[in-house]
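*Asks:* Got a file for you: my_file-v1.txt, compact mmCIF, C-alpha atoms.
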# COMPACT_ATOMS: atom_id res chain seq x y z
CA MET A 1 0.00 0.00 0.00
CA PRO A 2 1.52 3.36 -0.98
CA VAL A 3 2.53 5.78 1.75
CA SER A 4 0.28 8.85 1.93
CA LYS A 5 1.86 12.31 1.82
CA SER A 6 2.40 14.44 4.90
CA ASP A 7 4.78 17.23 5.88
CA ARG A 8 4.57 16.13 9.54
CA CYS A 9 5.23 12.92 11.42
CA VAL A 10 1.93 11.05 11.72
CA LEU A 11 2.89 9.86 15.21
CA CYS A 12 4.36 12.89 17.01
CA LEU A 13 3.03 15.60 14.63
CA LYS A 14 6.43 17.28 14.44
CA PRO A 15 7.35 18.80 11.03
CA PHE A 16 9.94 16.88 9.02
CA ASN A 17 13.35 18.50 8.77
CA GLU A 18 15.91 16.79 6.53
CA SER A 19 18.77 18.78 8.07
CA VAL A 20 18.19 17.25 11.52
CA LYS A 21 18.82 13.50 11.81
CA GLU A 22 16.01 12.75 14.28
CA ASP A 23 13.50 14.83 12.29
CA LYS A 24 14.19 13.26 8.89
CA LYS A 25 11.25 11.68 7.11
CA THR A 26 11.13 7.90 7.07
CA VAL A 27 8.52 5.14 6.81
CA GLU A 28 7.03 3.35 9.81
CA HIS A 29 5.03 0.11 9.66
CA ILE A 30 1.81 0.44 11.66
CA PHE A 31 2.25 -3.18 12.73
CA PRO A 32 5.92 -4.23 12.88
CA LYS A 33 6.95 -6.67 10.15
CA ALA A 34 8.18 -9.12 12.80
CA TRP A 35 4.67 -9.28 14.30
CA TYR A 36 3.18 -10.97 11.23
CA PRO A 37 2.93 -14.78 11.63
CA GLU A 38 4.94 -17.00 9.32
CA ASN A 39 1.80 -18.04 7.37
CA THR A 40 1.06 -14.43 6.36
CA PRO A 41 0.67 -14.27 2.54
CA ILE A 42 3.91 -13.13 0.91
CA ASN A 43 2.11 -10.56 -1.26
CA LEU A 44 0.19 -8.98 1.64
CA GLU A 45 0.51 -5.18 1.59
CA LYS A 46 1.50 -4.02 5.05
CA TRP A 47 0.22 -0.69 6.39
CA ARG A 48 2.88 2.05 6.41
CA VAL A 49 2.85 5.75 7.25
CA PRO A 50 5.33 8.66 7.20
CA SER A 51 7.17 9.18 10.48
CA CYS A 52 10.26 10.94 11.75
CA GLN A 53 13.45 9.02 12.42
CA LYS A 54 13.10 9.48 16.19
CA CYS A 55 9.64 7.90 16.31
CA ASN A 56 10.85 5.11 14.06
CA ASN A 57 13.71 4.33 16.45
CA ASP A 58 11.65 4.72 19.64
CA TYR A 59 8.84 2.45 18.46
CA SER A 60 11.29 -0.13 17.17
CA ARG A 61 12.63 -0.66 20.69
CA ILE A 62 9.18 -0.64 22.32
CA GLU A 63 7.76 -3.14 19.83
CA GLN A 64 10.79 -5.38 20.10
CA ASP A 65 10.31 -5.61 23.87
CA LEU A 66 6.57 -6.25 23.43
CA LEU A 67 7.18 -8.95 20.83
CA VAL A 68 9.41 -10.89 23.22
CA CYS A 69 7.22 -10.44 26.31
CA LEU A 70 3.91 -11.16 24.56
CA GLY A 71 5.35 -13.78 22.22
CA LEU A 72 6.69 -15.84 25.12
CA GLY A 73 3.17 -15.81 26.58
CA LEU A 74 1.72 -17.62 23.57
CA PHE A 75 1.25 -21.36 23.05
CA ASN A 76 2.55 -23.42 20.13
CA SER A 77 -1.06 -24.38 19.47
CA ASP A 78 -2.14 -20.77 18.77
CA GLU A 79 -3.34 -21.06 15.17
CA ASN A 80 -3.22 -17.29 14.59
CA ALA A 81 0.41 -16.94 15.66
CA PRO A 82 2.60 -19.60 14.02
CA GLY A 83 6.27 -18.73 14.31
CA ILE A 84 5.79 -15.83 16.76
CA ILE A 85 7.12 -17.75 19.77
CA GLN A 86 10.19 -18.72 17.75
CA LYS A 87 10.74 -15.10 16.69
CA ALA A 88 10.52 -14.00 20.32
CA ARG A 89 13.09 -16.58 21.38
CA ARG A 90 15.48 -15.81 18.53
CA SER A 91 15.34 -12.10 19.36
CA VAL A 92 17.16 -12.74 22.63
CA ASP A 93 19.43 -15.54 21.39
CA PRO A 94 22.96 -14.26 20.59
CA ASN A 95 23.65 -17.50 18.70
CA CYS A 96 21.17 -16.34 16.03
CA ALA A 97 23.10 -13.13 15.39
CA LYS A 98 24.27 -12.24 11.88
CA ASN A 99 27.33 -10.34 13.08
CA GLU A 100 28.95 -8.99 16.26
CA ARG A 101 26.82 -5.83 16.28
CA ASP A 102 23.67 -7.92 15.98
CA ARG A 103 24.94 -10.19 18.75
CA GLN A 104 25.40 -7.25 21.10
CA LYS A 105 21.88 -5.99 20.32
CA ARG A 106 20.39 -9.39 21.17
CA LEU A 107 22.38 -9.56 24.39
CA MET A 108 21.17 -6.09 25.38
CA LEU A 109 17.57 -7.05 24.63
CA LYS A 110 17.96 -10.27 26.63
CA LYS A 111 19.32 -8.30 29.59
CA ARG A 112 16.47 -5.79 29.33
CA ILE A 113 13.84 -8.52 29.26
CA ALA A 114 15.50 -10.45 32.07
CA GLY A 115 15.22 -7.34 34.21
CA ASN A 116 11.43 -7.63 33.90
CA LEU A 117 11.32 -11.32 34.83
CA SER A 118 10.11 -12.51 38.22
CA SER A 119 8.12 -15.43 39.63
CA THR A 120 5.08 -15.76 41.84
CA ASP A 121 2.28 -18.13 42.74
CA GLN A 122 -0.16 -15.30 43.43
CA ILE A 123 -0.85 -13.27 40.31
CA PRO A 124 -3.79 -10.85 40.69
CA GLN A 125 -6.19 -11.36 37.81
CA LYS A 126 -6.54 -7.61 37.29
CA ALA A 127 -2.78 -7.31 36.84
CA MET A 128 -2.64 -9.77 33.94
CA ILE A 129 -3.17 -8.90 30.31
CA PRO A 130 -6.41 -10.66 29.32
CA ASN A 131 -5.85 -13.94 27.42
CA PHE A 132 -2.20 -14.09 28.54
CA GLY A 133 -2.62 -15.65 31.95
CA PRO A 134 -1.36 -19.16 32.83
CA PRO A 135 -3.55 -22.15 31.89
CA PRO A 136 -6.12 -22.97 34.61
CA ASN A 137 -4.60 -26.42 35.25
CA ILE A 138 -1.16 -24.99 36.07
CA LYS A 139 -0.45 -24.51 39.77
CA GLY A 140 2.49 -23.36 41.84
CA THR A 141 5.11 -20.72 41.16
CA GLN A 142 5.03 -19.34 37.64
CA PRO A 143 7.46 -17.09 35.73
CA VAL A 144 6.06 -13.61 35.20
CA LEU A 145 7.17 -11.05 32.63
CA LEU A 146 6.34 -7.47 33.53
CA ILE A 147 5.22 -5.23 30.67
CA LYS A 148 5.24 -1.47 30.91
CA ALA A 149 1.69 -0.10 30.63
CA ASP A 150 3.15 2.86 28.76
CA HIS A 151 4.38 0.54 26.02
CA ILE A 152 0.89 -0.84 25.41
CA LYS A 153 -0.48 2.71 25.45
CA LEU A 154 2.05 3.99 22.92
CA PHE A 155 1.60 0.94 20.70
CA THR A 156 -2.18 1.48 20.68
CA GLU A 157 -1.82 5.18 19.92
CA LYS A 158 0.52 4.39 17.06
CA ILE A 159 -2.01 2.04 15.45
CA VAL A 160 -4.87 4.49 15.88
CA ARG A 161 -2.90 7.49 14.61
CA GLY A 162 -1.53 5.52 11.71
CA LEU A 163 -4.85 4.14 10.52
CA THR A 164 -6.69 7.44 10.98
CA PHE A 165 -4.17 9.02 8.64
CA LEU A 166 -3.88 6.12 6.20
CA LEU A 167 -7.59 5.42 5.83
CA ASP A 168 -9.02 8.93 6.20
CA GLY A 169 -6.12 11.29 5.56
CA TYR A 170 -6.33 13.02 8.97
CA LEU A 171 -3.73 13.63 11.64
CA ILE A 172 -4.98 13.29 15.22
CA GLU A 173 -4.25 16.72 16.67
CA PRO A 174 -3.73 17.50 20.41
CA ASP A 175 -7.39 18.47 20.83
CA TYR A 176 -8.26 14.76 20.60
CA SER A 177 -7.67 12.08 23.21
CA ILE A 178 -6.87 8.40 22.55
CA ASP A 179 -7.98 6.09 25.35
CA TYR A 180 -7.69 2.32 25.43
CA HIS A 181 -8.74 -0.75 27.43
CA LEU A 182 -7.42 -4.31 27.41
CA LEU A 183 -10.49 -6.52 27.49
CA ASN A 184 -11.27 -10.20 27.70
CA ASP A 185 -13.62 -11.74 25.15
CA LYS A 186 -16.71 -11.42 27.35
CA ASP A 187 -16.20 -7.75 28.17
CA SER A 188 -15.22 -6.80 24.63
CA GLU A 189 -18.19 -8.51 22.98
CA PRO A 190 -20.73 -5.62 23.25
CA HIS A 191 -18.17 -3.09 21.97
CA LEU A 192 -17.11 -5.44 19.21
CA ASN A 193 -20.69 -6.02 18.07
CA LYS A 194 -21.34 -2.28 17.78
CA ILE A 195 -18.15 -1.66 15.83
CA CYS A 196 -18.87 -4.57 13.46
CA LYS A 197 -22.41 -3.28 12.89
CA LEU A 198 -21.43 0.34 12.24
CA GLY A 199 -17.91 0.10 10.84
CA GLU A 200 -15.51 -1.96 8.79
CA THR A 201 -13.19 -4.89 9.40
CA TYR A 202 -9.64 -5.04 8.07
CA HIS A 203 -7.77 -8.35 7.92
CA LYS A 204 -4.00 -8.30 7.63
CA GLY A 205 -3.26 -11.96 7.30
CA PRO A 206 -4.25 -14.54 9.93
CA GLY A 207 -2.68 -12.72 12.88
CA ILE A 208 -3.92 -9.14 12.67
CA VAL A 209 -7.51 -7.89 12.56
CA VAL A 210 -8.68 -4.32 13.05
CA ARG A 211 -12.32 -3.38 13.36
CA ARG A 212 -13.10 0.32 13.14
CA ALA A 213 -16.11 2.63 13.22
CA VAL A 214 -15.97 6.40 12.70
CA ALA A 215 -18.43 8.69 14.51
CA SER A 216 -21.07 10.04 12.13
CA ASN A 217 -20.74 13.60 13.44
CA ASP A 218 -16.94 13.71 13.63
CA LYS A 219 -14.38 12.84 10.96
CA ILE A 220 -11.75 11.83 13.52
CA GLY A 221 -13.73 10.55 16.52
CA SER A 222 -13.73 6.77 16.22
CA PHE A 223 -13.81 3.36 17.89
CA TYR A 224 -11.29 0.57 17.38
CA HIS A 225 -11.08 -3.10 18.23
CA ILE A 226 -7.53 -4.28 17.60
CA GLU A 227 -6.77 -7.99 17.66
CA VAL A 228 -3.28 -9.46 17.40
CA TRP A 229 -2.60 -13.22 17.16
CA GLY A 230 -6.14 -13.91 18.40
CA ARG A 231 -4.90 -13.07 21.93
CA LEU A 232 -4.07 -9.40 22.40
CA LYS A 233 -7.37 -7.51 22.18
CA ILE A 234 -7.49 -3.75 22.58
CA PHE A 235 -10.52 -1.48 22.55
CA ALA A 236 -9.60 2.14 21.75
CA ILE A 237 -11.61 5.31 21.40
CA VAL A 238 -10.69 8.67 19.87
CA THR A 239 -12.61 11.53 21.44
CA LYS A 240 -12.57 15.30 21.22
CA VAL A 241 -10.90 16.50 24.45
CA LYS A 242 -13.61 19.08 25.20
CA ALA A 243 -16.37 16.54 24.63
CA LEU A 244 -14.61 14.10 26.94
CA ARG A 245 -14.27 16.76 29.64
CA ASP A 246 -17.94 17.77 29.32
CA ASN A 247 -19.05 14.16 29.79
CA LYS A 248 -17.07 13.87 33.03
CA GLU A 249 -18.52 17.05 34.55
Output the file's structure as structure tokens, nothing else.
*Replies:*
Amino acid sequence: MPVSKSDRCVLCLKPFNESVKEDKKTVEHIFPKAWYPENTPINLEKWRVPSCQKCNNDYSRIEQDLLVCLGLGLFNSDENAPGIIQKARRSVDPNCAKNERDRQKRLMLKKRIAGNLSSTDQIPQKAMIPNFGPPPNIKGTQPVLLIKADHIKLFTEKIVRGLTFLLDGYLIEPDYSIDYHLLNDKDSEPHLNKICKLGETYHKGPGIVVRRAVASNDKIGSFYHIEVWGRLKIFAIVTKVKALRDNKE
């Protein structure tokens, strides 16, 4: 899919400046290429948007960490995620490195992930990402990987900002708020039904599905249901900041 034109970064809204390295225009995949399962069609067009070099670099690190942490929480039987577990493991395996620089990067990632690893036999349900908890028949102490809430938030905002621009041609300006919720299947069902009834569904291979509905009275206000690997399910809403404030008062 061709990249739409913009003189600003779709993600941070900062103007491009080719004379400053971090502000140079580049291309960012809305969903990282590594996140697509191995059975994704070869000719599938992946969503891409214009971004600055800084956002490209920052999101690359965030999404790499998320791939490892979430990927290690999958099962080999997950039909919507073949090869993802293996990708997550290879990412932190220095023996899979192409060269010394790559080896050092994998070692650094492994160290970073290891710093988020702990174990417990008492995991509060509310603290777990829905659909990523241990199987019900598993008892005793379990390894736990901590994931920064900010990483999920930024990842969600990136998808929403990217698709709003790519599908509608709009940048989400500061007068709009992007809120999100991680939901289990039961809690997400009523939101999902509304979005499916009023909006459109976009399939990007077997592992990525985005359902989206745009508010009839607002070109940017919208609802999203983002599903990755059949496990990670995010409900997001884009709302005018003033309207959101008025509803709370």
*Asks:* At what distance in Å, to one decimal, does CA of Phe16 (chain A) lie from CA of Trp35 (chain A)?
*Replies:*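 These two atoms are separated by 27.2 Å.
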*Asks:* Separation of CA of Asn17 (chain A) and CA of Gln53 (chain A), in Å?
*Replies:*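 Those two atoms sit 10.2 Å apart.
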*Asks:* What does the structure give for the distance between CA of Tyr180 (chain A) and CA of Cys12 (chain A), in Å to one decimal?
*Replies:*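 Going from CA of Tyr180 (chain A) over to CA of Cys12 (chain A), I get 18.1 Å.
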*Asks:* I'd like the contact shell of Pro50 (chain A) - 7 Å cut-off, all atoms listed in the file, skipping same-chain residues fewer than 4 positions apart - returned as a VMD selection string.
*Replies:* chain A and resid 3 6 9 to 10 25 to 28
*Asks:* Let's have the selection written as a PDB file, keeping the file's coordinate frame, with C-alpha atoms.
*Replies:*
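Resulting contents of selection27.pdb:
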ATOM      1  CA  VAL A   3       2.530   5.780   1.750  1.00  0.00           C
ATOM      2  CA  SER A   6       2.400  14.440   4.900  1.00  0.00           C
ATOM      3  CA  CYS A   9       5.230  12.920  11.420  1.00  0.00           C
ATOM      4  CA  VAL A  10       1.930  11.050  11.720  1.00  0.00           C
ATOM      5  CA  LYS A  25      11.250  11.680   7.110  1.00  0.00           C
ATOM      6  CA  THR A  26      11.130   7.900   7.070  1.00  0.00           C
ATOM      7  CA  VAL A  27       8.520   5.140   6.810  1.00  0.00           C
ATOM      8  CA  GLU A  28       7.030   3.350   9.810  1.00  0.00           C
TER       9      GLU A  28
END
*Asks:* What are the nearest atom pairs, with distances in Å to one decimal, for all residues of region 177-202 of chain A that come at most 12 Å from region 151-170 of chain A, using only C-alpha atoms, set out by chain and rising residue number as a tab-separated table?
*Replies:*
residue	atom	partner	partner_atom	distance
A:Ser177	CA	A:Glu157	CA	9.6
A:Ile178	CA	A:Glu157	CA	6.5
A:Asp179	CA	A:Lys153	CA	8.2
A:Tyr180	CA	A:Lys153	CA	7.2
A:His181	CA	A:Lys153	CA	9.2
A:Leu182	CA	A:Ile152	CA	9.2
A:Glu200	CA	A:Leu167	CA	11.2
A:Tyr202	CA	A:Leu163	CA	10.6
*Asks:* Please determine, counting all atoms listed in the file, which residue among A:Ser19, A:Ser60, A:Asn39, A:Ser222 has the shortest atom-to-atom distance to Asn80 (chain A).
*Replies:*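 The closest residue to Asn80 (chain A) is A:Asn39.
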*Asks:* Taking (-1.3, -22.9, 15.7) in the file's coordinates as the center, which residues reach within 12 Å of it, counting all atoms listed in the file, put as a PyMOL selection string?
*Replies:* chain A and resi 37-39+74-85+206-207+229-230
*Asks:* Put those residues in a file: C-alpha atoms, as a compact mmCIF listing (two decimals), in the frame of the given file.
*Replies:*
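Here's the written file result-v4.txt:
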# COMPACT_ATOMS: atom_id res chain seq x y z
CA PRO A 37 2.93 -14.78 11.63
CA GLU A 38 4.94 -17.00 9.32
CA ASN A 39 1.80 -18.04 7.37
CA LEU A 74 1.72 -17.62 23.57
CA PHE A 75 1.25 -21.36 23.05
CA ASN A 76 2.55 -23.42 20.13
CA SER A 77 -1.06 -24.38 19.47
CA ASP A 78 -2.14 -20.77 18.77
CA GLU A 79 -3.34 -21.06 15.17
CA ASN A 80 -3.22 -17.29 14.59
CA ALA A 81 0.41 -16.94 15.66
CA PRO A 82 2.60 -19.60 14.02
CA GLY A 83 6.27 -18.73 14.31
CA ILE A 84 5.79 -15.83 16.76
CA ILE A 85 7.12 -17.75 19.77
CA PRO A 206 -4.25 -14.54 9.93
CA GLY A 207 -2.68 -12.72 12.88
CA TRP A 229 -2.60 -13.22 17.16
CA GLY A 230 -6.14 -13.91 18.40
*Asks:* Find, counting all atoms listed in the file, the residue in A:Gln86, A:Gln64, A:Thr141, A:Ser119 that gets nearest to Arg106 (chain A).
*Replies:* A:Gln64
*Asks:* Pick from A:Lys148, A:Lys111, A:Ile237, A:Asp187: nearest to Arg211 (chain A), with all atoms listed in the file counted?
*Replies:* A:Ile237
*Asks:* Rebuild N, CA and C atoms on region 190-215 of chain A, as a CSV table (one decimal), in the coordinates of the input?
*Replies:*
chain,number,residue,atom,x,y,z
A,190,PRO,N,-19.8,-6.7,23.6
A,190,PRO,CA,-20.7,-5.6,23.2
A,190,PRO,C,-20.1,-4.5,22.4
A,191,HIS,N,-18.9,-4.1,22.8
A,191,HIS,CA,-18.2,-3.1,22.0
A,191,HIS,C,-17.9,-3.6,20.6
A,192,LEU,N,-17.4,-4.8,20.5
A,192,LEU,CA,-17.1,-5.4,19.2
A,192,LEU,C,-18.3,-5.5,18.3
A,193,ASN,N,-19.5,-5.9,18.9
A,193,ASN,CA,-20.7,-6.0,18.1
A,193,ASN,C,-21.1,-4.7,17.5
A,194,LYS,N,-21.0,-3.6,18.3
A,194,LYS,CA,-21.3,-2.3,17.8
A,194,LYS,C,-20.4,-1.8,16.7
A,195,ILE,N,-19.1,-2.1,16.8
A,195,ILE,CA,-18.2,-1.7,15.8
A,195,ILE,C,-18.4,-2.4,14.5
A,196,CYS,N,-18.6,-3.7,14.6
A,196,CYS,CA,-18.9,-4.6,13.5
A,196,CYS,C,-20.1,-4.1,12.7
A,197,LYS,N,-21.1,-3.7,13.5
A,197,LYS,CA,-22.4,-3.3,12.9
A,197,LYS,C,-22.3,-1.9,12.2
A,198,LEU,N,-21.5,-1.0,12.8
A,198,LEU,CA,-21.4,0.3,12.2
A,198,LEU,C,-20.2,0.6,11.4
A,199,GLY,N,-19.2,-0.2,11.5
A,199,GLY,CA,-17.9,0.1,10.8
A,199,GLY,C,-17.4,-0.9,9.9
A,200,GLU,N,-16.1,-1.0,9.7
A,200,GLU,CA,-15.5,-2.0,8.8
A,200,GLU,C,-14.5,-2.8,9.5
A,201,THR,N,-14.2,-4.0,8.9
A,201,THR,CA,-13.2,-4.9,9.4
A,201,THR,C,-12.0,-5.0,8.4
A,202,TYR,N,-10.8,-4.9,8.9
A,202,TYR,CA,-9.6,-5.0,8.1
A,202,TYR,C,-8.8,-6.2,8.5
A,203,HIS,N,-8.6,-7.2,7.6
A,203,HIS,CA,-7.8,-8.4,7.9
A,203,HIS,C,-6.4,-8.2,7.3
A,204,LYS,N,-5.4,-8.3,8.1
A,204,LYS,CA,-4.0,-8.3,7.6
A,204,LYS,C,-3.4,-9.7,7.9
A,205,GLY,N,-3.7,-10.6,7.1
A,205,GLY,CA,-3.3,-12.0,7.3
A,205,GLY,C,-4.0,-12.6,8.4
A,206,PRO,N,-3.6,-13.8,8.9
A,206,PRO,CA,-4.2,-14.5,9.9
A,206,PRO,C,-4.0,-14.0,11.3
A,207,GLY,N,-3.0,-13.1,11.5
A,207,GLY,CA,-2.7,-12.7,12.9
A,207,GLY,C,-3.1,-11.3,13.3
A,208,ILE,N,-3.6,-10.5,12.3
A,208,ILE,CA,-3.9,-9.1,12.7
A,208,ILE,C,-5.3,-8.8,12.1
A,209,VAL,N,-6.2,-8.3,13.0
A,209,VAL,CA,-7.5,-7.9,12.6
A,209,VAL,C,-7.8,-6.6,13.3
A,210,VAL,N,-8.3,-5.6,12.5
A,210,VAL,CA,-8.7,-4.3,13.0
A,210,VAL,C,-10.1,-4.0,12.6
A,211,ARG,N,-10.9,-3.8,13.6
A,211,ARG,CA,-12.3,-3.4,13.4
A,211,ARG,C,-12.5,-1.9,13.8
A,212,ARG,N,-13.1,-1.1,12.9
A,212,ARG,CA,-13.1,0.3,13.1
A,212,ARG,C,-14.4,1.0,12.7
A,213,ALA,N,-14.9,1.9,13.5
A,213,ALA,CA,-16.1,2.6,13.2
A,213,ALA,C,-15.8,4.1,13.5
A,214,VAL,N,-16.2,5.0,12.6
A,214,VAL,CA,-16.0,6.4,12.7
A,214,VAL,C,-17.3,7.1,13.1
A,215,ALA,N,-17.2,8.0,14.1
A,215,ALA,CA,-18.4,8.7,14.5
A,215,ALA,C,-19.1,9.5,13.3
